[in-house]
>>> print(open('final.txt').read())   # compact mmCIF, C-alpha atoms
# COMPACT_ATOMS: atom_id res chain seq x y z
CA MET I 1 91.49 69.80 111.30
CA LYS I 2 88.25 70.44 113.20
CA THR I 3 85.01 68.70 112.34
CA THR I 4 81.32 69.31 112.94
CA PRO I 5 79.22 66.58 114.61
CA LEU I 6 77.75 65.78 111.18
CA GLU I 7 80.99 65.04 109.33
CA LYS I 8 80.18 61.31 108.91
CA ASN I 9 76.73 62.17 107.56
CA HIS I 10 78.28 64.33 104.85
CA ILE I 11 80.82 61.66 103.90
CA ASN I 12 78.10 58.98 103.78
CA LEU I 13 76.11 61.22 101.44
CA GLY I 14 79.11 61.36 99.09
CA ALA I 15 80.03 64.98 99.75
CA LYS I 16 83.20 66.48 98.32
CA MET I 17 84.95 67.55 101.54
CA VAL I 18 87.29 70.54 101.77
CA SER I 19 89.09 72.52 104.45
CA PHE I 20 87.27 75.74 105.34
CA ALA I 21 88.07 78.00 108.30
CA GLY I 22 89.94 75.09 109.87
CA TYR I 23 86.99 72.69 109.52
CA ASN I 24 86.44 69.68 107.25
CA MET I 25 83.29 70.79 105.44
CA PRO I 26 81.16 69.67 102.46
CA LEU I 27 81.76 71.72 99.30
CA TYR I 28 78.97 69.96 97.39
CA TYR I 29 77.10 66.63 97.33
CA SER I 30 75.77 66.44 93.75
CA SER I 31 76.82 69.70 92.10
CA ILE I 32 76.95 73.36 93.10
CA LYS I 33 74.51 74.22 90.32
CA GLU I 34 71.89 71.64 91.32
CA GLU I 35 72.14 72.56 94.99
CA HIS I 36 71.91 76.27 94.19
CA HIS I 37 68.71 75.80 92.18
CA SER I 38 67.24 73.58 94.90
CA VAL I 39 67.50 76.47 97.36
CA ARG I 40 66.17 79.04 94.89
CA ASN I 41 63.22 76.87 93.80
CA ASN I 42 62.46 74.51 96.69
CA ALA I 43 64.54 74.00 99.85
CA GLY I 44 67.98 72.98 100.99
CA LEU I 45 69.68 71.97 104.24
CA PHE I 46 73.04 73.42 105.27
CA ASP I 47 75.31 72.28 108.09
CA VAL I 48 76.82 75.52 109.38
CA SER I 49 77.85 74.18 112.78
CA HIS I 50 81.35 75.57 112.22
CA MET I 51 80.01 79.03 113.11
CA GLY I 52 80.83 80.31 116.58
CA GLU I 53 78.38 81.15 119.35
CA PHE I 54 79.01 83.19 122.49
CA ILE I 55 76.65 83.93 125.36
CA ILE I 56 76.94 87.35 127.01
CA GLU I 57 74.81 87.97 130.08
CA GLY I 58 74.69 89.90 133.32
CA SER I 59 73.84 93.39 134.52
CA ASN I 60 76.27 95.13 132.15
CA SER I 61 75.76 92.87 129.13
CA THR I 62 73.77 95.44 127.17
CA GLU I 63 76.33 98.17 127.86
CA LEU I 64 79.17 95.91 126.68
CA ILE I 65 77.38 95.03 123.45
CA GLN I 66 76.54 98.68 122.78
CA PHE I 67 80.23 99.55 123.12
CA ILE I 68 81.66 96.76 120.94
CA SER I 69 79.07 96.80 118.13
CA SER I 70 78.18 99.47 115.58
CA ASN I 71 74.42 98.88 115.46
CA ASP I 72 72.01 99.81 118.26
CA ILE I 73 71.04 96.81 120.37
CA SER I 74 68.46 98.91 122.26
CA LYS I 75 66.28 98.75 119.13
CA ILE I 76 65.54 95.06 119.66
CA SER I 77 63.95 93.03 122.46
CA PRO I 78 63.90 89.36 123.55
CA GLY I 79 62.96 87.20 120.57
CA MET I 80 64.68 89.48 118.07
CA SER I 81 68.14 89.65 116.48
CA GLN I 82 70.32 92.20 114.71
CA TYR I 83 73.06 92.24 112.10
CA THR I 84 76.11 94.30 113.10
CA VAL I 85 79.90 94.51 113.07
CA LEU I 86 82.60 94.65 115.73
CA PRO I 87 84.65 97.74 114.79
CA ASN I 88 88.35 97.75 115.53
CA GLU I 89 90.48 100.78 116.35
CA ASN I 90 91.98 101.08 112.85
CA GLY I 91 88.90 101.75 110.74
CA GLY I 92 88.18 98.11 109.85
CA VAL I 93 86.19 95.42 111.62
CA VAL I 94 87.07 92.47 113.83
CA ASP I 95 84.08 90.55 112.44
CA ASP I 96 80.50 90.83 111.22
CA LEU I 97 77.90 88.90 113.18
CA ILE I 98 74.31 88.48 114.30
CA ILE I 99 73.32 89.23 117.90
CA TYR I 100 70.27 87.46 119.34
CA GLN I 101 68.57 88.84 122.42
CA LEU I 102 67.49 85.69 124.26
CA GLU I 103 66.35 87.37 127.48
CA GLU I 104 66.39 90.88 128.96
CA LYS I 105 70.08 90.73 129.87
CA LYS I 106 71.16 87.68 127.90
CA TYR I 107 72.49 87.64 124.33
CA MET I 108 73.87 85.12 121.88
CA LEU I 109 76.49 86.32 119.39
CA VAL I 110 76.93 84.24 116.22
CA VAL I 111 80.35 84.87 114.66
CA ASN I 112 82.34 83.59 111.70
CA ALA I 113 84.14 80.29 112.18
CA SER I 114 87.55 81.65 111.20
CA ASN I 115 87.27 84.40 113.81
CA ILE I 116 86.06 82.54 116.91
CA GLU I 117 89.27 82.79 118.94
CA LYS I 118 90.06 86.33 117.75
CA ASP I 119 86.55 87.60 118.47
CA LEU I 120 86.45 86.03 121.90
CA ALA I 121 89.79 87.57 122.89
CA TRP I 122 88.69 90.98 121.58
CA ILE I 123 85.37 90.93 123.45
CA ARG I 124 86.99 89.75 126.67
CA LYS I 125 89.52 92.57 126.42
CA GLN I 126 86.74 95.16 126.09
CA ASN I 127 84.78 93.48 128.87
CA LEU I 128 87.41 94.43 131.47
CA LYS I 129 85.50 97.72 131.78
CA PHE I 130 82.09 96.09 132.11
CA GLY I 131 82.35 92.75 133.93
CA ALA I 132 79.68 90.92 131.96
CA LYS I 133 79.66 87.10 131.90
CA ILE I 134 80.94 85.63 128.63
CA TYR I 135 80.70 81.97 127.62
CA ASP I 136 82.00 80.34 124.44
CA ILE I 137 79.46 77.64 123.54
CA SER I 138 80.74 77.08 119.99
CA ASN I 139 81.67 73.44 120.64
CA LYS I 140 78.39 72.70 122.42
CA PHE I 141 75.98 74.16 119.88
CA SER I 142 75.18 73.09 116.33
CA LEU I 143 73.55 75.16 113.63
CA LEU I 144 71.53 74.03 110.63
CA ALA I 145 70.04 76.34 108.02
CA VAL I 146 66.95 75.32 106.05
CA GLN I 147 66.62 77.74 103.16
CA GLY I 148 64.36 78.14 100.15
CA PRO I 149 60.80 79.25 99.27
CA ASN I 150 59.34 75.94 100.54
CA ALA I 151 61.65 75.56 103.55
CA ILE I 152 59.29 76.72 106.29
CA LYS I 153 56.32 74.79 104.91
CA MET I 154 58.35 71.60 104.66
CA ILE I 155 59.68 71.59 108.23
CA GLN I 156 56.53 72.92 109.89
CA SER I 157 55.54 69.33 110.78
CA LEU I 158 58.56 69.02 113.10
CA THR I 159 57.18 71.53 115.63
CA THR I 160 53.82 72.67 117.02
CA GLU I 161 54.87 76.32 116.79
CA ASN I 162 53.59 78.36 113.85
CA LEU I 163 56.86 79.04 112.05
CA PHE I 164 55.17 81.34 109.55
CA SER I 165 54.37 83.74 112.39
CA LEU I 166 58.07 84.60 112.71
CA ASN I 167 59.07 87.85 111.06
CA SER I 168 62.52 88.38 109.60
CA PHE I 169 65.20 88.40 112.34
CA GLU I 170 62.79 87.03 114.96
CA HIS I 171 63.35 83.77 116.87
CA ILE I 172 61.65 81.44 119.34
CA TYR I 173 62.52 78.62 121.69
CA SER I 174 60.66 75.51 120.62
CA ASN I 175 60.36 71.75 120.80
CA PHE I 176 61.67 70.66 117.41
CA ALA I 177 62.02 67.16 115.98
CA GLY I 178 61.42 65.76 119.46
CA HIS I 179 64.00 67.93 121.25
CA LYS I 180 63.53 70.79 123.72
CA ASP I 181 65.06 74.27 123.87
CA VAL I 182 65.79 74.55 120.17
CA ILE I 183 66.21 78.11 118.89
CA ILE I 184 64.48 78.68 115.56
CA SER I 185 65.29 81.93 113.80
CA ARG I 186 63.96 83.46 110.59
CA THR I 187 67.38 84.39 109.30
CA GLY I 188 69.69 83.15 106.57
CA TYR I 189 72.49 83.89 104.14
CA THR I 190 70.81 83.01 100.83
CA GLY I 191 68.10 85.59 100.12
CA SER I 192 65.57 82.79 99.63
CA ASP I 193 63.79 82.92 103.01
CA GLY I 194 63.99 80.09 105.50
CA LEU I 195 65.18 79.37 109.02
CA GLU I 196 68.31 78.82 111.05
CA ILE I 197 68.11 76.26 113.85
CA TYR I 198 70.39 76.23 116.93
CA PHE I 199 70.54 73.30 119.32
CA ASP I 200 72.69 71.17 121.63
CA SER I 201 75.22 69.30 119.47
CA LYS I 202 74.20 65.94 120.92
CA TYR I 203 70.95 66.24 118.93
CA SER I 204 72.74 66.82 115.61
CA ASN I 205 72.12 63.43 113.99
CA ASP I 206 68.48 63.28 115.06
CA ILE I 207 67.63 66.76 113.84
CA TRP I 208 69.60 66.45 110.58
CA ASN I 209 67.92 63.12 109.76
CA SER I 210 64.47 64.42 110.70
CA ILE I 211 64.84 67.26 108.21
CA ILE I 212 66.58 65.41 105.38
CA ASN I 213 64.06 62.55 105.52
CA ILE I 214 60.93 64.70 105.27
CA GLU I 215 58.82 63.16 102.53
CA ASN I 216 57.93 65.48 99.70
CA LYS I 217 57.61 65.37 95.93
CA ASN I 218 60.71 67.60 95.83
CA PRO I 219 62.84 66.59 98.83
CA ILE I 220 65.09 68.88 100.83
CA LEU I 221 68.59 68.45 99.43
CA PRO I 222 71.78 68.73 101.50
CA ILE I 223 73.69 71.82 100.38
CA GLY I 224 77.43 72.46 100.55
CA LEU I 225 79.60 75.53 100.92
CA GLY I 226 79.85 76.01 97.16
CA ALA I 227 76.17 76.84 96.73
CA ARG I 228 76.19 78.80 99.97
CA ASP I 229 78.71 81.12 98.33
CA THR I 230 76.90 81.44 94.99
CA LEU I 231 73.62 82.13 96.78
CA ARG I 232 75.04 84.84 99.05
CA LEU I 233 76.92 86.47 96.19
CA GLU I 234 73.79 86.70 94.02
CA MET I 235 72.33 88.74 96.89
CA GLY I 236 75.43 90.92 97.22
CA TYR I 237 76.02 89.81 100.82
CA CYS I 238 79.45 90.52 102.25
CA LEU I 239 81.78 87.69 103.25
CA TYR I 240 84.35 88.34 105.95
CA GLY I 241 87.83 87.98 104.51
CA ASN I 242 86.60 89.15 101.10
CA GLU I 243 84.41 92.25 101.35
CA LEU I 244 85.16 92.91 105.02
CA ASP I 245 88.29 92.54 107.12
CA GLU I 246 90.51 94.28 109.67
CA ASN I 247 91.42 96.97 107.15
CA ILE I 248 88.14 97.49 105.27
CA SER I 249 85.54 99.87 106.63
CA PRO I 250 81.90 98.73 106.65
CA ILE I 251 81.07 102.12 105.12
CA ASN I 252 83.16 101.20 102.07
CA ALA I 253 81.15 97.97 101.95
CA GLY I 254 77.82 99.81 101.77
CA LEU I 255 76.91 98.98 105.37
CA GLU I 256 76.42 102.55 106.54
CA TRP I 257 72.94 101.52 107.71
CA ILE I 258 74.42 99.52 110.61
CA ILE I 259 76.58 102.44 111.79
CA LYS I 260 74.48 104.35 114.31
CA ARG I 261 75.23 108.03 114.65
CA ASP I 262 73.58 108.57 118.03
CA LYS I 263 75.64 106.18 120.19
CA LYS I 264 79.26 105.78 121.22
CA PHE I 265 81.11 102.62 120.27
CA ILE I 266 84.68 101.61 119.48
CA ASN I 267 86.13 104.06 116.93
CA SER I 268 82.71 105.64 116.37
CA ASN I 269 84.12 109.12 115.71
CA SER I 270 86.28 107.79 112.88
CA PHE I 271 83.34 105.97 111.28
CA LEU I 272 81.07 109.00 111.53
CA LYS I 273 83.74 111.18 109.93
CA GLU I 274 84.04 108.71 107.08
CA ILE I 275 80.27 108.81 106.55
CA ASN I 276 80.33 112.62 106.43
CA ASP I 277 83.40 112.86 104.17
CA GLY I 278 82.48 109.92 101.96
CA PRO I 279 84.62 106.78 101.50
CA LYS I 280 87.56 106.76 99.10
CA ASP I 281 86.66 103.30 97.83
CA LYS I 282 83.22 101.79 97.34
CA LEU I 283 81.97 98.24 96.94
CA ILE I 284 80.27 97.65 93.61
CA GLY I 285 78.44 94.82 91.93
CA PHE I 286 79.18 94.05 88.29
CA GLU I 287 78.04 91.71 85.54
CA LEU I 288 80.27 90.56 82.70
CA ILE I 289 79.02 91.14 79.15
CA LYS I 290 80.51 87.97 77.69
CA ARG I 291 80.65 84.50 79.21
CA ALA I 292 83.57 84.60 81.67
CA ILE I 293 84.17 84.09 85.39
CA PRO I 294 85.71 86.80 87.58
CA ARG I 295 87.75 85.70 90.58
CA SER I 296 88.93 87.28 93.82
CA ASN I 297 91.86 89.71 93.41
CA TYR I 298 91.41 90.15 89.66
CA SER I 299 92.03 93.79 88.70
CA ILE I 300 89.13 96.11 87.88
CA LEU I 301 89.98 98.46 85.02
CA ASN I 302 88.51 101.63 83.56
CA GLN I 303 87.82 102.04 79.85
CA ASN I 304 91.45 103.00 79.31
CA GLU I 305 92.38 99.68 80.94
CA GLU I 306 93.97 101.41 83.93
CA SER I 307 93.60 99.66 87.31
CA ILE I 308 90.95 101.32 89.48
CA GLY I 309 90.20 98.54 91.96
CA ARG I 310 90.05 94.83 92.65
CA VAL I 311 87.52 92.01 92.65
CA THR I 312 86.70 90.65 96.11
CA SER I 313 84.30 87.84 95.09
CA GLY I 314 83.28 86.42 91.72
CA ILE I 315 81.29 83.48 90.33
CA PHE I 316 79.33 82.28 87.34
CA SER I 317 75.80 82.89 88.60
CA PRO I 318 73.57 79.81 88.29
CA SER I 319 70.42 81.98 88.39
CA LEU I 320 71.51 84.68 85.95
CA GLU I 321 73.77 82.43 83.85
CA LYS I 322 76.48 85.06 83.62
CA GLY I 323 79.64 86.07 85.45
CA ILE I 324 79.01 88.38 88.39
CA GLY I 325 81.19 89.81 91.11
CA LEU I 326 81.78 92.28 93.90
CA GLY I 327 84.78 94.54 94.14
CA TYR I 328 86.21 97.79 95.43
CA VAL I 329 86.64 100.72 93.09
CA LYS I 330 87.95 104.26 93.66
CA ALA I 331 84.92 106.43 94.43
CA THR I 332 86.05 109.08 91.95
CA GLU I 333 85.81 106.55 89.13
CA LEU I 334 82.15 105.81 89.84
CA LYS I 335 81.13 109.30 88.75
CA LYS I 336 82.29 108.70 85.18
CA ASN I 337 80.12 105.83 83.85
CA ASN I 338 78.91 102.37 84.71
CA LYS I 339 81.20 100.55 82.29
CA ILE I 340 84.34 98.84 83.55
CA LYS I 341 86.61 95.99 82.51
CA ILE I 342 87.86 92.98 84.45
CA ASP I 343 91.37 91.67 83.86
CA ILE I 344 90.77 87.93 83.44
CA ARG I 345 94.10 86.19 82.91
CA GLY I 346 95.49 89.08 80.89
CA LYS I 347 92.36 89.80 78.85
CA ALA I 348 90.24 92.87 79.61
CA GLU I 349 86.60 91.70 79.65
CA GLU I 350 83.78 94.27 79.45
CA ALA I 351 81.46 94.54 82.45
CA LEU I 352 78.64 96.74 83.71
CA ILE I 353 78.26 98.11 87.23
CA VAL I 354 74.79 97.06 88.45
CA LYS I 355 72.60 97.76 91.44
CA LEU I 356 72.56 95.05 94.12
CA PRO I 357 71.20 92.48 94.63
CA PHE I 358 71.96 90.66 91.40
CA TYR I 359 69.15 88.18 92.05
CA LYS I 360 65.67 89.55 92.63
CA LYS I 361 63.03 87.19 93.95
CA TYR I 362 60.03 88.96 92.45
>>> encode(input="final.txt", output="structure tokens")
Amino acid sequence: MKTTPLEKNHINLGAKMVSFAGYNMPLYYSSIKEEHHSVRNNAGLFDVSHMGEFIIEGSNSTELIQFISSNDISKISPGMSQYTVLPNENGGVVDDLIIYQLEEKKYMLVVNASNIEKDLAWIRKQNLKFGAKIYDISNKFSLLAVQGPNAIKMIQSLTTENLFSLNSFEHIYSNFAGHKDVIISRTGYTGSDGLEIYFDSKYSNDIWNSIINIENKNPILPIGLGARDTLRLEMGYCLYGNELDENISPINAGLEWIIKRDKKFINSNSFLKEINDGPKDKLIGFELIKRAIPRSNYSILNQNEESIGRVTSGIFSPSLEKGIGLGYVKATELKKNNKIKIDIRGKAEEALIVKLPFYKKY
């Protein structure tokens, strides 16, 4: 099993360790509920160094990225980033990712840990037409996320840069916690504001300790994968392998906004046709009426208790204190009403289809 450079730190903090995407990762340190509320109300520190990072550079780097991604990279400039997907040739996606433009012809792609090898092989295959330079730096780079309403204020002391000046999806190179060439990005996967910090893995202990030891009335807590999932699900964010995969279209997942009509990319004609015709299945958010917890692959039923779809992700929401979930439902069923049922261990539990996100900050 793979490890991040901070594995010993997590174990020393008493984390419950689990296997995730081939890595030994912390599920929680105290409890998922406490860690969740720390991020919603104060700040939390995540080790997400299992994520993959690729550098693509050279004269044809922009052309390669335009061809392999559904969004339009020409809309950003150095110091900015963009959420997108890598479409495959079958109507699904190889992965979803964030692309950072570091310099005019230099990009960093941040991909899901479980897809590092697959993504790299796919991009290299497409690159045969372009000849860009591609480097896998996943084992050399670490990534920490500091998330929560007080996150930026609390780590501001570790750099001379004004972190509040960063807009969403902007990044800078900075000296941070005594180390040079650290990339600080105003991005995250929680919906609670904050930053993601990329740096050479040899600085991992120093930077982790600098953040976790910041003195404050309400300290920054270490946060595990459990709360990372409850936080992202309250926002309705897709998780690859659940809401997205090789056979699920991003249009089904409500990501039509990252499918650009005015550029050519892999399988673009098929995606545009799907947008025009409308998807057969649509991703919905739902809340259970009674206290119960939906789980992945539970059946979604209509009022006659006939199967009309499946749950892709489900939790008991710490913020809303009710069961919530995402799932795919036949588009024709959505025209009837907003009431559905979830088959929870043989019992049909009433639920309401709701507008995403579940959690609203204001």
>>> residues_around(input="final.txt", residues="segment 202-217 of chain I", least_positions_apart="3", cutoff="7 Å", atoms="all atoms listed in the file", output="list in words")
Pro5, Leu6, Ser142, Ile155, Ala177, Ile220 and Leu221 of chain I
>>> residues_near_point(input="final.txt", point="(73.4, 71.7, 112.7)", cutoff="10 Å", atoms="all atoms listed in the file", output="compact mmCIF listing (two decimals) with C-alpha atoms, in the frame of the given file")
# COMPACT_ATOMS: atom_id res chain seq x y z
CA THR I 4 81.32 69.31 112.94
CA PRO I 5 79.22 66.58 114.61
CA LEU I 6 77.75 65.78 111.18
CA LEU I 45 69.68 71.97 104.24
CA PHE I 46 73.04 73.42 105.27
CA ASP I 47 75.31 72.28 108.09
CA VAL I 48 76.82 75.52 109.38
CA SER I 49 77.85 74.18 112.78
CA HIS I 50 81.35 75.57 112.22
CA MET I 51 80.01 79.03 113.11
CA PHE I 141 75.98 74.16 119.88
CA SER I 142 75.18 73.09 116.33
CA LEU I 143 73.55 75.16 113.63
CA LEU I 144 71.53 74.03 110.63
CA ALA I 145 70.04 76.34 108.02
CA VAL I 146 66.95 75.32 106.05
CA GLU I 196 68.31 78.82 111.05
CA ILE I 197 68.11 76.26 113.85
CA TYR I 198 70.39 76.23 116.93
CA PHE I 199 70.54 73.30 119.32
CA ASP I 200 72.69 71.17 121.63
CA SER I 201 75.22 69.30 119.47
CA TYR I 203 70.95 66.24 118.93
CA SER I 204 72.74 66.82 115.61
CA ASN I 205 72.12 63.43 113.99
CA ILE I 207 67.63 66.76 113.84
CA TRP I 208 69.60 66.45 110.58
>>> residues_around(input="final.txt", residues="Val85 of chain I", least_positions_apart="3", cutoff="8 Å", atoms="only C-alpha atoms", output="JSON, numbers by chain")
{"I": [69, 70, 71, 93, 94, 95, 96, 97, 250, 258]}
>>> residues_near_point(input="final.txt", point="(56.7, 80.7, 99.6)", cutoff="10 Å", atoms="all atoms listed in the file", output="list in words")
Asn41, Asn42, Gly148, Pro149, Asn150, Ala151, Ile152, Lys153, Ser192, Asp193 and Gly194 of chain I
>>> closest_residue(input="final.txt", among="I:Gly58, I:Ser81, I:Ser317, I:Gly254", to="Ile98 of chain I", atoms="all atoms listed in the file")
I:Ser81
>>> residues_around(input="final.txt", residues="Phe316 of chain I", least_positions_apart="6", cutoff="10 Å", atoms="only C-alpha atoms", output="CSV table (one decimal) with C-alpha atoms, in the frame of the given file")
chain,number,residue,atom,x,y,z
I,33,LYS,CA,74.5,74.2,90.3
I,230,THR,CA,76.9,81.4,95.0
I,234,GLU,CA,73.8,86.7,94.0
I,287,GLU,CA,78.0,91.7,85.5
I,288,LEU,CA,80.3,90.6,82.7
I,291,ARG,CA,80.6,84.5,79.2
I,292,ALA,CA,83.6,84.6,81.7
I,293,ILE,CA,84.2,84.1,85.4
I,294,PRO,CA,85.7,86.8,87.6
I,295,ARG,CA,87.8,85.7,90.6
I,322,LYS,CA,76.5,85.1,83.6
I,323,GLY,CA,79.6,86.1,85.4
I,324,ILE,CA,79.0,88.4,88.4
I,325,GLY,CA,81.2,89.8,91.1
>>> closest_residue(input="final.txt", among="I:Ile73, I:Ala43, I:Ile223, I:Ile184", to="Phe164 of chain I", atoms="all atoms listed in the file")
I:Ile184
>>> residues_around(input="final.txt", residues="segment 242-245 of chain I", least_positions_apart="2", cutoff="8 Å", atoms="all atoms listed in the file", output="PyMOL selection string")
chain I and resi 92-95+238-240+247-250+253+283+296+312-313+326-327
>>> build_atoms(input="final.txt", residues="segment 172-181 of chain I", atoms="all heavy atoms", output="compact mmCIF listing (two decimals), in the frame of the given file")
# COMPACT_ATOMS: atom_id res chain seq x y z
N ILE I 172 62.38 82.03 118.21
CA ILE I 172 61.65 81.44 119.34
C ILE I 172 62.41 80.25 119.87
O ILE I 172 63.24 79.65 119.19
CB ILE I 172 60.23 80.97 118.91
CG1 ILE I 172 60.32 80.01 117.70
CG2 ILE I 172 59.31 82.14 118.64
CD1 ILE I 172 59.02 79.33 117.36
N TYR I 173 62.13 79.91 121.14
CA TYR I 173 62.52 78.62 121.69
C TYR I 173 61.38 77.65 121.41
O TYR I 173 60.22 78.00 121.58
CB TYR I 173 62.75 78.71 123.20
CG TYR I 173 64.08 79.27 123.62
CD1 TYR I 173 64.21 80.61 123.95
CD2 TYR I 173 65.20 78.45 123.71
CE1 TYR I 173 65.44 81.13 124.35
CE2 TYR I 173 66.43 78.95 124.10
CZ TYR I 173 66.54 80.29 124.43
OH TYR I 173 67.76 80.79 124.82
N SER I 174 61.71 76.44 121.00
CA SER I 174 60.66 75.51 120.62
C SER I 174 61.10 74.07 120.83
O SER I 174 62.29 73.76 120.85
CB SER I 174 60.30 75.72 119.14
OG SER I 174 59.38 74.75 118.68
N ASN I 175 60.11 73.18 120.98
CA ASN I 175 60.36 71.75 120.80
C ASN I 175 60.43 71.52 119.29
O ASN I 175 59.55 71.97 118.54
CB ASN I 175 59.22 70.92 121.39
CG ASN I 175 59.24 70.94 122.90
OD1 ASN I 175 60.21 71.35 123.51
ND2 ASN I 175 58.15 70.52 123.51
N PHE I 176 61.49 70.84 118.85
CA PHE I 176 61.67 70.66 117.41
C PHE I 176 62.25 69.28 117.16
O PHE I 176 63.25 68.89 117.75
CB PHE I 176 62.61 71.73 116.85
CG PHE I 176 62.79 71.67 115.36
CD1 PHE I 176 61.85 72.23 114.51
CD2 PHE I 176 63.89 71.03 114.80
CE1 PHE I 176 62.00 72.17 113.13
CE2 PHE I 176 64.05 70.96 113.42
CZ PHE I 176 63.10 71.53 112.59
N ALA I 177 61.59 68.52 116.32
CA ALA I 177 62.02 67.16 115.98
C ALA I 177 62.23 66.31 117.23
O ALA I 177 63.15 65.49 117.30
CB ALA I 177 63.30 67.20 115.14
N GLY I 178 61.38 66.54 118.23
CA GLY I 178 61.42 65.76 119.46
C GLY I 178 62.40 66.24 120.51
O GLY I 178 62.61 65.57 121.52
N HIS I 179 63.01 67.42 120.31
CA HIS I 179 64.00 67.93 121.25
C HIS I 179 63.62 69.32 121.78
O HIS I 179 63.07 70.14 121.04
CB HIS I 179 65.38 67.99 120.59
CG HIS I 179 65.87 66.64 120.16
ND1 HIS I 179 66.33 65.70 121.06
CD2 HIS I 179 65.96 66.07 118.93
CE1 HIS I 179 66.69 64.60 120.40
NE2 HIS I 179 66.47 64.79 119.11
N LYS I 180 63.92 69.55 123.05
CA LYS I 180 63.53 70.79 123.72
C LYS I 180 64.60 71.88 123.53
O LYS I 180 65.74 71.62 123.19
CB LYS I 180 63.33 70.54 125.21
CG LYS I 180 62.21 69.57 125.55
CD LYS I 180 62.10 69.38 127.06
CE LYS I 180 60.98 68.42 127.41
NZ LYS I 180 60.88 68.22 128.88
N ASP I 181 64.17 73.10 123.82
CA ASP I 181 65.06 74.27 123.87
C ASP I 181 65.85 74.48 122.59
O ASP I 181 67.02 74.85 122.61
CB ASP I 181 66.03 74.15 125.06
CG ASP I 181 65.29 74.11 126.39
OD1 ASP I 181 64.27 74.80 126.51
OD2 ASP I 181 65.74 73.38 127.29
